[in-house]
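**Q** Please find start.pdb (PDB, C-alpha atoms) on the next line:
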```
MODEL        1
ATOM      1  CA  MET A  18     116.041  57.445  68.088
ATOM      2  CA  ILE A  19     114.886  56.443  71.581
ATOM      3  CA  THR A  20     112.141  59.075  71.439
ATOM      4  CA  VAL A  21     110.893  57.682  68.121
ATOM      5  CA  LEU A  22     110.897  54.156  69.550
ATOM      6  CA  LEU A  23     109.108  55.340  72.700
ATOM      7  CA  ILE A  24     106.372  56.965  70.619
ATOM      8  CA  PHE A  25     106.107  53.867  68.412
ATOM      9  CA  HIS A  26     105.972  51.694  71.554
ATOM     10  CA  GLY A  27     103.126  53.848  72.884
ATOM     11  CA  LEU A  28     101.196  53.766  69.611
ATOM     12  CA  LEU A  29     101.472  49.988  69.358
ATOM     13  CA  ALA A  30     100.294  49.732  72.964
ATOM     14  CA  LEU A  31      97.252  51.854  72.095
ATOM     15  CA  PHE A  32      96.332  49.565  69.185
ATOM     16  CA  LEU A  33      96.910  46.589  71.461
ATOM     17  CA  ILE A  34      94.733  47.900  74.280
ATOM     18  CA  GLY A  35      91.925  48.558  71.823
ATOM     19  CA  ALA A  36      92.095  45.061  70.361
ATOM     20  CA  ILE A  37      92.447  43.140  73.618
ATOM     21  CA  THR A  38      89.736  45.202  75.326
ATOM     22  CA  HIS A  39      87.281  44.438  72.522
ATOM     23  CA  GLN A  40      88.141  40.776  72.696
ATOM     24  CA  ALA A  41      88.092  40.609  76.504
ATOM     25  CA  ILE A  42      84.618  42.163  76.606
ATOM     26  CA  GLY A  43      83.242  40.121  73.738
ATOM     27  CA  VAL A  44      84.456  36.782  75.102
ATOM     28  CA  TRP A  45      82.032  37.023  78.038
ATOM     29  CA  LYS A  46      79.016  37.080  75.731
ATOM     30  CA  SER A  47      77.169  33.821  76.336
ATOM     31  CA  LYS A  48      74.374  34.097  73.754
ATOM     32  CA  PRO A  49      73.624  36.076  70.579
ATOM     33  CA  ILE A  50      72.389  39.615  71.204
ATOM     34  CA  PRO A  51      71.328  42.404  68.847
ATOM     35  CA  SER A  52      73.679  45.274  68.049
ATOM     36  CA  ALA A  53      71.211  48.055  68.670
ATOM     37  CA  THR A  54      73.375  50.053  71.089
ATOM     38  CA  PHE A  55      77.027  51.013  71.278
ATOM     39  CA  PHE A  56      77.691  48.560  74.113
ATOM     40  CA  GLN A  57      75.892  45.727  72.336
ATOM     41  CA  SER A  58      78.002  46.375  69.253
ATOM     42  CA  LEU A  59      81.101  46.377  71.421
ATOM     43  CA  VAL A  60      80.160  43.018  72.946
ATOM     44  CA  ASN A  61      79.250  41.534  69.564
ATOM     45  CA  VAL A  62      82.767  41.566  68.129
ATOM     46  CA  ARG A  63      84.039  38.282  66.675
ATOM     47  CA  GLY A  64      86.729  37.731  69.268
ATOM     48  CA  GLY A  65      88.669  35.138  67.321
ATOM     49  CA  THR A  66      89.527  37.620  64.597
ATOM     50  CA  TYR A  67      91.536  39.702  67.083
ATOM     51  CA  THR A  68      93.828  36.900  68.229
ATOM     52  CA  ASN A  69      96.624  37.136  65.665
ATOM     53  CA  VAL A  70      96.627  40.933  65.835
ATOM     54  CA  VAL A  71      96.805  40.883  69.638
ATOM     55  CA  THR A  72      99.622  38.336  69.569
ATOM     56  CA  ILE A  73     101.681  40.241  67.001
ATOM     57  CA  LEU A  74     101.070  43.634  68.635
ATOM     58  CA  TYR A  75     101.952  42.246  72.066
ATOM     59  CA  VAL A  76     105.222  40.755  70.841
ATOM     60  CA  MET A  77     106.181  43.901  68.909
ATOM     61  CA  THR A  78     105.305  46.182  71.826
ATOM     62  CA  ALA A  79     107.289  44.007  74.228
ATOM     63  CA  ILE A  80     110.334  43.872  71.948
ATOM     64  CA  ILE A  81     110.426  47.656  71.525
ATOM     65  CA  GLY A  82     109.816  48.056  75.266
ATOM     66  CA  GLY A  83     112.804  45.812  75.878
ATOM     67  CA  ILE A  84     114.949  47.889  73.510
ATOM     68  CA  ILE A  85     114.119  51.198  75.206
ATOM     69  CA  TYR A  86     114.261  49.759  78.723
ATOM     70  CA  PRO A  87     117.940  50.703  79.282
ATOM     71  CA  SER A  88     116.984  54.347  78.681
ATOM     72  CA  TYR A  89     114.501  54.122  81.530
ATOM     73  CA  VAL A  90     117.209  52.711  83.795
ATOM     74  CA  LEU A  91     119.759  55.351  82.804
ATOM     75  CA  ASP A  92     117.593  58.455  82.381
ATOM     76  CA  VAL A  93     114.455  57.989  84.460
ATOM     77  CA  LYS A  94     114.869  55.526  87.309
ATOM     78  CA  GLY A  95     117.709  57.463  88.889
ATOM     79  CA  ASN A  96     115.681  60.677  88.805
ATOM     80  CA  LEU A  97     112.723  58.908  90.406
ATOM     81  CA  ALA A  98     115.005  57.546  93.122
ATOM     82  CA  ASP A  99     116.556  60.967  93.720
ATOM     83  CA  ALA A 100     113.086  62.489  93.996
ATOM     84  CA  GLN A 101     112.099  59.599  96.312
ATOM     85  CA  ILE A 102     109.093  58.711  94.166
ATOM     86  CA  ASN A 103     109.272  55.073  95.188
ATOM     87  CA  ALA A 104     105.684  54.359  94.168
ATOM     88  CA  ALA A 105     106.568  55.190  90.559
ATOM     89  CA  ILE A 106     109.582  52.858  90.662
ATOM     90  CA  GLY A 107     107.395  50.140  92.164
ATOM     91  CA  ALA A 108     104.719  50.680  89.548
ATOM     92  CA  PHE A 109     107.333  50.250  86.821
ATOM     93  CA  GLU A 110     108.540  47.056  88.494
ATOM     94  CA  LEU A 111     104.967  45.768  88.296
ATOM     95  CA  LYS A 112     104.806  46.819  84.647
ATOM     96  CA  GLU A 113     107.916  44.885  83.699
ATOM     97  CA  HIS A 114     106.781  41.739  85.536
ATOM     98  CA  PHE A 115     103.233  41.867  84.168
ATOM     99  CA  ALA A 116     104.461  42.465  80.644
ATOM    100  CA  ILE A 117     106.652  39.386  80.668
ATOM    101  CA  VAL A 118     104.070  37.112  82.335
ATOM    102  CA  GLY A 119     101.551  38.230  79.697
ATOM    103  CA  LEU A 120     104.086  37.496  76.974
ATOM    104  CA  ALA A 121     104.541  33.982  78.325
ATOM    105  CA  MET A 122     100.757  33.455  78.247
ATOM    106  CA  LEU A 123     100.509  34.147  74.523
ATOM    107  CA  PRO A 124     101.054  30.533  73.365
ATOM    108  CA  SER A 125      98.178  29.199  75.480
ATOM    109  CA  TYR A 126      96.034  32.258  74.689
ATOM    110  CA  TRP A 127      96.605  31.794  70.960
ATOM    111  CA  TYR A 128      95.997  28.068  71.131
ATOM    112  CA  LEU A 129      92.712  28.486  73.027
ATOM    113  CA  TRP A 130      91.412  31.008  70.493
ATOM    114  CA  LYS A 131      92.707  29.521  67.257
ATOM    115  CA  LYS A 132      92.873  25.769  67.752
ATOM    116  CA  VAL A 133      90.134  24.926  70.244
ATOM    117  CA  PRO A 134      86.486  25.108  69.117
ATOM    118  CA  LEU A 135      84.863  28.233  70.580
ATOM    119  CA  THR A 136      82.256  26.112  72.351
ATOM    120  CA  GLU A 137      84.972  24.316  74.329
ATOM    121  CA  GLN A 138      87.262  25.540  77.125
ATOM    122  CA  VAL A 139      85.161  28.689  77.385
ATOM    123  CA  LEU A 140      86.191  29.612  80.931
ATOM    124  CA  ALA A 141      89.894  29.105  80.219
ATOM    125  CA  ARG A 142      89.615  31.277  77.092
ATOM    126  CA  ARG A 143      87.771  33.994  79.006
ATOM    127  CA  LEU A 144      90.252  34.077  81.868
ATOM    128  CA  ASN A 145      93.329  33.913  79.639
ATOM    129  CA  THR A 146      91.981  36.844  77.640
ATOM    130  CA  ALA A 147      90.969  38.803  80.734
ATOM    131  CA  LEU A 148      94.382  38.304  82.327
ATOM    132  CA  ILE A 149      96.197  39.471  79.217
ATOM    133  CA  ALA A 150      93.872  42.494  79.076
ATOM    134  CA  LEU A 151      94.756  43.229  82.704
ATOM    135  CA  MET A 152      98.462  43.046  81.857
ATOM    136  CA  VAL A 153      98.040  45.359  78.893
ATOM    137  CA  TRP A 154      95.976  47.916  80.801
ATOM    138  CA  THR A 155      98.415  47.935  83.721
ATOM    139  CA  THR A 156     101.497  48.268  81.568
ATOM    140  CA  LEU A 157     100.043  51.002  79.375
ATOM    141  CA  VAL A 158      98.706  53.104  82.243
ATOM    142  CA  VAL A 159     101.916  52.781  84.255
ATOM    143  CA  GLY A 160     104.069  53.582  81.242
ATOM    144  CA  HIS A 161     101.965  56.634  80.464
ATOM    145  CA  VAL A 162     102.090  57.896  84.054
ATOM    146  CA  ILE A 163     105.861  57.334  84.316
ATOM    147  CA  ASN A 164     106.324  59.240  81.073
ATOM    148  CA  ASN A 165     104.324  62.120  82.513
ATOM    149  CA  ILE A 166     106.277  62.071  85.779
ATOM    150  CA  LYS A 167     109.542  62.134  83.828
ATOM    151  CA  GLY A 168     108.322  65.284  82.140
ATOM    152  CA  LEU A 169     107.702  66.900  85.519
ATOM    153  CA  ILE A 170     110.988  66.142  87.287
TER     154      ILE A 170
ATOM    155  CA  MET B  22      89.877  27.147  62.766
ATOM    156  CA  THR B  23      90.245  23.802  64.447
ATOM    157  CA  ARG B  24      92.957  22.291  62.274
ATOM    158  CA  PRO B  25      95.181  20.541  64.810
ATOM    159  CA  LEU B  26      98.735  21.578  65.457
ATOM    160  CA  PRO B  27     101.329  18.812  65.722
ATOM    161  CA  SER B  28     100.765  17.364  69.181
ATOM    162  CA  ARG B  29     104.475  17.634  69.985
ATOM    163  CA  LEU B  30     104.283  21.407  69.411
ATOM    164  CA  VAL B  31     101.071  21.751  71.414
ATOM    165  CA  SER B  32     102.533  19.984  74.426
ATOM    166  CA  ALA B  33     105.768  21.988  74.179
ATOM    167  CA  LEU B  34     103.881  25.309  74.027
ATOM    168  CA  THR B  35     101.622  24.299  76.904
ATOM    169  CA  VAL B  36     104.551  23.400  79.115
ATOM    170  CA  PHE B  37     106.387  26.562  78.047
ATOM    171  CA  SER B  38     103.456  28.782  79.044
ATOM    172  CA  LEU B  39     103.251  27.133  82.455
ATOM    173  CA  VAL B  40     106.947  26.943  83.293
ATOM    174  CA  PHE B  41     107.961  30.422  82.158
ATOM    175  CA  PRO B  42     105.956  32.437  84.745
ATOM    176  CA  VAL B  43     107.045  30.121  87.554
ATOM    177  CA  VAL B  44     110.752  30.294  86.734
ATOM    178  CA  TYR B  45     110.573  34.024  86.075
ATOM    179  CA  THR B  46     108.848  34.701  89.410
ATOM    180  CA  VAL B  47     111.266  32.519  91.363
ATOM    181  CA  ALA B  48     114.204  34.124  89.532
ATOM    182  CA  TYR B  49     113.233  37.695  90.256
ATOM    183  CA  TYR B  50     112.282  36.931  93.857
ATOM    184  CA  ASN B  51     115.704  35.403  94.467
ATOM    185  CA  GLU B  52     117.531  37.721  92.044
ATOM    186  CA  TRP B  53     118.819  34.743  90.076
ATOM    187  CA  ALA B  54     119.863  35.620  86.561
ATOM    188  CA  LEU B  55     122.124  34.263  83.861
ATOM    189  CA  PHE B  56     123.723  37.687  83.459
ATOM    190  CA  TRP B  57     123.550  41.365  84.308
ATOM    191  CA  PHE B  58     123.479  44.040  81.649
ATOM    192  CA  TYR B  59     125.238  47.353  82.258
ATOM    193  CA  PRO B  60     123.576  49.845  79.902
ATOM    194  CA  LEU B  61     126.055  52.646  80.594
ATOM    195  CA  VAL B  62     128.889  50.610  79.112
ATOM    196  CA  GLY B  63     126.674  48.311  77.013
ATOM    197  CA  GLU B  64     128.190  45.095  78.358
ATOM    198  CA  LEU B  65     126.953  41.813  79.820
ATOM    199  CA  TYR B  66     128.515  40.203  82.883
ATOM    200  CA  THR B  67     127.803  36.991  84.698
ATOM    201  CA  ASN B  68     128.497  38.642  88.041
ATOM    202  CA  LEU B  69     127.926  42.033  89.656
ATOM    203  CA  GLN B  70     130.407  44.769  88.767
ATOM    204  CA  PRO B  71     131.673  47.804  90.706
ATOM    205  CA  PRO B  72     129.418  50.931  90.720
ATOM    206  CA  SER B  73     131.757  52.652  88.262
ATOM    207  CA  ARG B  74     130.152  50.593  85.484
ATOM    208  CA  GLY B  75     126.826  52.305  86.135
ATOM    209  CA  PRO B  76     123.481  50.798  87.112
ATOM    210  CA  ALA B  77     122.989  47.082  86.579
ATOM    211  CA  MET B  78     119.990  45.654  84.757
ATOM    212  CA  ILE B  79     118.932  42.177  85.785
ATOM    213  CA  TYR B  80     115.661  42.110  83.830
ATOM    214  CA  TYR B  81     117.090  40.594  80.646
ATOM    215  CA  GLY B  82     118.885  37.982  82.734
ATOM    216  CA  TRP B  83     115.613  36.873  84.329
ATOM    217  CA  ILE B  84     113.854  36.716  80.967
ATOM    218  CA  VAL B  85     116.577  34.644  79.324
ATOM    219  CA  LEU B  86     116.753  32.299  82.325
ATOM    220  CA  ALA B  87     112.979  31.792  82.260
ATOM    221  CA  PHE B  88     112.911  31.427  78.473
ATOM    222  CA  VAL B  89     115.688  28.828  78.389
ATOM    223  CA  SER B  90     114.181  26.892  81.298
ATOM    224  CA  ALA B  91     110.690  26.915  79.799
ATOM    225  CA  ALA B  92     111.961  25.954  76.339
ATOM    226  CA  LEU B  93     113.980  23.089  77.807
ATOM    227  CA  ALA B  94     110.998  21.928  79.837
ATOM    228  CA  GLY B  95     108.811  22.104  76.733
ATOM    229  CA  ALA B  96     111.327  20.023  74.830
ATOM    230  CA  ILE B  97     111.895  17.294  77.407
ATOM    231  CA  VAL B  98     108.525  16.837  79.123
ATOM    232  CA  PRO B  99     106.959  13.756  77.521
ATOM    233  CA  ARG B 100     103.896  14.406  75.370
ATOM    234  CA  ARG B 101     101.754  12.000  77.371
ATOM    235  CA  TRP B 102     102.449  14.003  80.556
ATOM    236  CA  ALA B 103     101.657  17.299  78.889
ATOM    237  CA  ALA B 104      98.448  15.827  77.474
ATOM    238  CA  HIS B 105      97.195  15.269  81.022
ATOM    239  CA  LEU B 106      97.694  18.902  82.053
ATOM    240  CA  TRP B 107      94.433  20.575  83.011
ATOM    241  CA  VAL B 108      93.676  23.573  80.793
ATOM    242  CA  GLY B 109      92.843  25.657  83.878
ATOM    243  CA  TRP B 110      96.533  25.843  84.716
ATOM    244  CA  SER B 111      96.901  28.158  81.713
ATOM    245  CA  TRP B 112      95.302  30.965  83.712
ATOM    246  CA  ILE B 113      95.841  29.809  87.296
ATOM    247  CA  VAL B 114      99.644  29.779  87.035
ATOM    248  CA  PRO B 115      99.924  33.298  85.525
ATOM    249  CA  LEU B 116      97.286  34.576  87.962
ATOM    250  CA  ALA B 117      99.266  33.152  90.875
ATOM    251  CA  ALA B 118     102.442  34.767  89.525
ATOM    252  CA  THR B 119     100.573  38.061  89.174
ATOM    253  CA  LEU B 120      99.183  37.960  92.710
ATOM    254  CA  PHE B 121     102.584  37.039  94.116
ATOM    255  CA  THR B 122     104.124  39.934  92.204
ATOM    256  CA  LEU B 123     101.502  42.354  93.517
ATOM    257  CA  ALA B 124     102.118  41.206  97.080
ATOM    258  CA  TYR B 125     105.901  41.316  96.749
ATOM    259  CA  GLU B 126     106.078  44.732  95.114
ATOM    260  CA  THR B 127     103.940  46.409  97.785
ATOM    261  CA  ARG B 128     107.310  47.142  99.418
ATOM    262  CA  TRP B 129     107.588  50.107  97.058
ATOM    263  CA  PHE B 130     104.291  51.583  98.182
ATOM    264  CA  GLN B 131     104.806  51.482 101.952
ATOM    265  CA  GLY B 132     105.776  54.583 103.856
TER     266      GLY B 132
ENDMDL
END
```
Could you quickly redo this structure as structure tokens?
**A**
Amino acid sequence: MITVLLIFHGLLALFLIGAITHQAIGVWKSKPIPSATFFQSLVNVRGGTYTNVVTILYVMTAIIGGIIYPSYVLDVKGNLADAQINAAIGAFELKEHFAIVGLAMLPSYWYLWKKVPLTEQVLARRLNTALIALMVWTTLVVGHVINNIKGLI
Amino acid sequence: MTRPLPSRLVSALTVFSLVFPVVYTVAYYNEWALFWFYPLVGELYTNLQPPSRGPAMIYYGWIVLAFVSAALAGAIVPRRWAAHLWVGWSWIVPLAATLFTLAYETRWFQG
């Protein structure tokens, strides 16, 4: 059951990183541009349409992460400590803190995207989105690396 | 797109988003929590238990403490105060919490 949840957690995180990365890149666009190239198309996404999906995916990923967290404590953390891989333990500490700070940002993030006109509070919207993207990237990469390390020890 | 939310809800959510990271960061730095969870036995305790109960998890205790504090703050802070909050705090406070966390957790990467 835990393995199924871990895989589901990882898949949701992949969807989430795709959505928030699109939005975090697109929000920095300051004027209309053509979509002639791959990067231009990437930048041209309508960021607002990602907001509900990002919010729901973030909450679902965090909830499942919270459910499987005891398995990390019981089955992984002790092995990392025994192997003296302190950097991996520290990286997971960062992951858990970042994940929860990002979760707490969701109300303001959602409000800025959905209830404030897109021409207003532009900097706040950009930085909220960028910070959440940073949280998501950090947590996904760390989780992936820890999972790989667990397979090696 | 711009249909307004009830202003009471907006102010509560704003305060919640600002208070949560602060309380969470202070709680984990000081190891303050409402409870500890012992996953080996699947039980919650309000104080630390002997090692025979297995490893203790404080993470849920921090989250619940921060959630309750932020929800209470959102409920009791007057709307007129929340209305004067600068929108920049919505990223400055989490960024500060993030930078503090990065600095604090470097202890794991030394030596």
**Q** Between atom CA of A:His26 and atom CA of A:Tyr75, what is the distance, to one decimal in Å?
**A** 10.3 Å
**Q** List the neighbours of A:Val71 out to 12 Å using all atoms listed in the file; skip same-chain residues closer than 6 positions along the sequence, and give me the result as a list in words.
**A**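 Residues near the query, excluding close chain neighbours: Leu29, Ala30, Leu31, Phe32, Leu33, Ile34, Gly35, Ala36, Ile37, Thr38, His39, Gln40, Ala41, Gly64, Gly65, Met77, Thr78, Ala79, Gly119, Leu120, Leu123, Pro124, Tyr126, Trp127, Trp130, Thr146, Ile149, Ala150 and Val153 of chain A.
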**Q** Include C-alpha atoms and write out the residues we just selected as a PDB file, in the coordinates of the input.
**A**
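Okay, selection_34.pdb is ready:
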```pdb
ATOM      1  CA  LEU A  29     101.472  49.988  69.358  1.00  0.00           C
ATOM      2  CA  ALA A  30     100.294  49.732  72.964  1.00  0.00           C
ATOM      3  CA  LEU A  31      97.252  51.854  72.095  1.00  0.00           C
ATOM      4  CA  PHE A  32      96.332  49.565  69.185  1.00  0.00           C
ATOM      5  CA  LEU A  33      96.910  46.589  71.461  1.00  0.00           C
ATOM      6  CA  ILE A  34      94.733  47.900  74.280  1.00  0.00           C
ATOM      7  CA  GLY A  35      91.925  48.558  71.823  1.00  0.00           C
ATOM      8  CA  ALA A  36      92.095  45.061  70.361  1.00  0.00           C
ATOM      9  CA  ILE A  37      92.447  43.140  73.618  1.00  0.00           C
ATOM     10  CA  THR A  38      89.736  45.202  75.326  1.00  0.00           C
ATOM     11  CA  HIS A  39      87.281  44.438  72.522  1.00  0.00           C
ATOM     12  CA  GLN A  40      88.141  40.776  72.696  1.00  0.00           C
ATOM     13  CA  ALA A  41      88.092  40.609  76.504  1.00  0.00           C
ATOM     14  CA  GLY A  64      86.729  37.731  69.268  1.00  0.00           C
ATOM     15  CA  GLY A  65      88.669  35.138  67.321  1.00  0.00           C
ATOM     16  CA  MET A  77     106.181  43.901  68.909  1.00  0.00           C
ATOM     17  CA  THR A  78     105.305  46.182  71.826  1.00  0.00           C
ATOM     18  CA  ALA A  79     107.289  44.007  74.228  1.00  0.00           C
ATOM     19  CA  GLY A 119     101.551  38.230  79.697  1.00  0.00           C
ATOM     20  CA  LEU A 120     104.086  37.496  76.974  1.00  0.00           C
ATOM     21  CA  LEU A 123     100.509  34.147  74.523  1.00  0.00           C
ATOM     22  CA  PRO A 124     101.054  30.533  73.365  1.00  0.00           C
ATOM     23  CA  TYR A 126      96.034  32.258  74.689  1.00  0.00           C
ATOM     24  CA  TRP A 127      96.605  31.794  70.960  1.00  0.00           C
ATOM     25  CA  TRP A 130      91.412  31.008  70.493  1.00  0.00           C
ATOM     26  CA  THR A 146      91.981  36.844  77.640  1.00  0.00           C
ATOM     27  CA  ILE A 149      96.197  39.471  79.217  1.00  0.00           C
ATOM     28  CA  ALA A 150      93.872  42.494  79.076  1.00  0.00           C
ATOM     29  CA  VAL A 153      98.040  45.359  78.893  1.00  0.00           C
TER      30      VAL A 153
END
```
**Q** The PyMOL selection byres ((chain B and resi 42) around 9) - which residues does that actually catch in the file I just gave you? List them as number ranges by chain.
**A** A: 117-119, 121-122; B: 37-41, 43-47, 87, 91, 114-115, 118-119
**Q** Write out, as a CSV table (one decimal), in the frame of the given file, the residues just selected, with C-alpha atoms.
**A**
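What follows is the written file part_20.csv:
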```csv
chain,number,residue,atom,x,y,z
A,117,ILE,CA,106.7,39.4,80.7
A,118,VAL,CA,104.1,37.1,82.3
A,119,GLY,CA,101.6,38.2,79.7
A,121,ALA,CA,104.5,34.0,78.3
A,122,MET,CA,100.8,33.5,78.2
B,37,PHE,CA,106.4,26.6,78.0
B,38,SER,CA,103.5,28.8,79.0
B,39,LEU,CA,103.3,27.1,82.5
B,40,VAL,CA,106.9,26.9,83.3
B,41,PHE,CA,108.0,30.4,82.2
B,43,VAL,CA,107.0,30.1,87.6
B,44,VAL,CA,110.8,30.3,86.7
B,45,TYR,CA,110.6,34.0,86.1
B,46,THR,CA,108.8,34.7,89.4
B,47,VAL,CA,111.3,32.5,91.4
B,87,ALA,CA,113.0,31.8,82.3
B,91,ALA,CA,110.7,26.9,79.8
B,114,VAL,CA,99.6,29.8,87.0
B,115,PRO,CA,99.9,33.3,85.5
B,118,ALA,CA,102.4,34.8,89.5
B,119,THR,CA,100.6,38.1,89.2
```
**Q** Enumerate, in order of chain and increasing residue number, the residues of chain B with an atom no farther than 6 Å from chain A, each with its shortest atom pair and distance in Å to one decimal, counting only C-alpha atoms, as a Markdown table.
**A**
```
| residue | atom | partner | partner_atom | distance |
| --- | --- | --- | --- | --- |
| B:Met22 | CA | A:Lys131 | CA | 5.8 |
| B:Thr23 | CA | A:Lys132 | CA | 4.7 |
| B:Leu34 | CA | A:Pro124 | CA | 6.0 |
| B:Ser38 | CA | A:Ala121 | CA | 5.4 |
| B:Pro42 | CA | A:Val118 | CA | 5.6 |
| B:Pro60 | CA | A:Pro87 | CA | 5.7 |
| B:Gly109 | CA | A:Ala141 | CA | 5.8 |
| B:Trp112 | CA | A:Asn145 | CA | 5.4 |
| B:Trp129 | CA | A:Gly107 | CA | 4.9 |
| B:Phe130 | CA | A:Ala104 | CA | 5.1 |
```
**Q** Care to translate the PyMOL selection byres ((chain B and resi 30) around 12) into actual residues of this file, as a tab-separated table (two decimals) with C-alpha atoms, in the coordinates of the input?
**A**
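Contents of selection_10.tsv, as written:
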```
chain	number	residue	atom	x	y	z
A	124	PRO	CA	101.05	30.53	73.36
A	125	SER	CA	98.18	29.20	75.48
A	128	TYR	CA	96.00	28.07	71.13
B	25	PRO	CA	95.18	20.54	64.81
B	26	LEU	CA	98.74	21.58	65.46
B	27	PRO	CA	101.33	18.81	65.72
B	28	SER	CA	100.76	17.36	69.18
B	29	ARG	CA	104.48	17.63	69.98
B	31	VAL	CA	101.07	21.75	71.41
B	32	SER	CA	102.53	19.98	74.43
B	33	ALA	CA	105.77	21.99	74.18
B	34	LEU	CA	103.88	25.31	74.03
B	35	THR	CA	101.62	24.30	76.90
B	36	VAL	CA	104.55	23.40	79.11
B	37	PHE	CA	106.39	26.56	78.05
B	92	ALA	CA	111.96	25.95	76.34
B	95	GLY	CA	108.81	22.10	76.73
B	96	ALA	CA	111.33	20.02	74.83
B	97	ILE	CA	111.90	17.29	77.41
B	98	VAL	CA	108.52	16.84	79.12
B	99	PRO	CA	106.96	13.76	77.52
B	100	ARG	CA	103.90	14.41	75.37
B	103	ALA	CA	101.66	17.30	78.89
B	104	ALA	CA	98.45	15.83	77.47
```
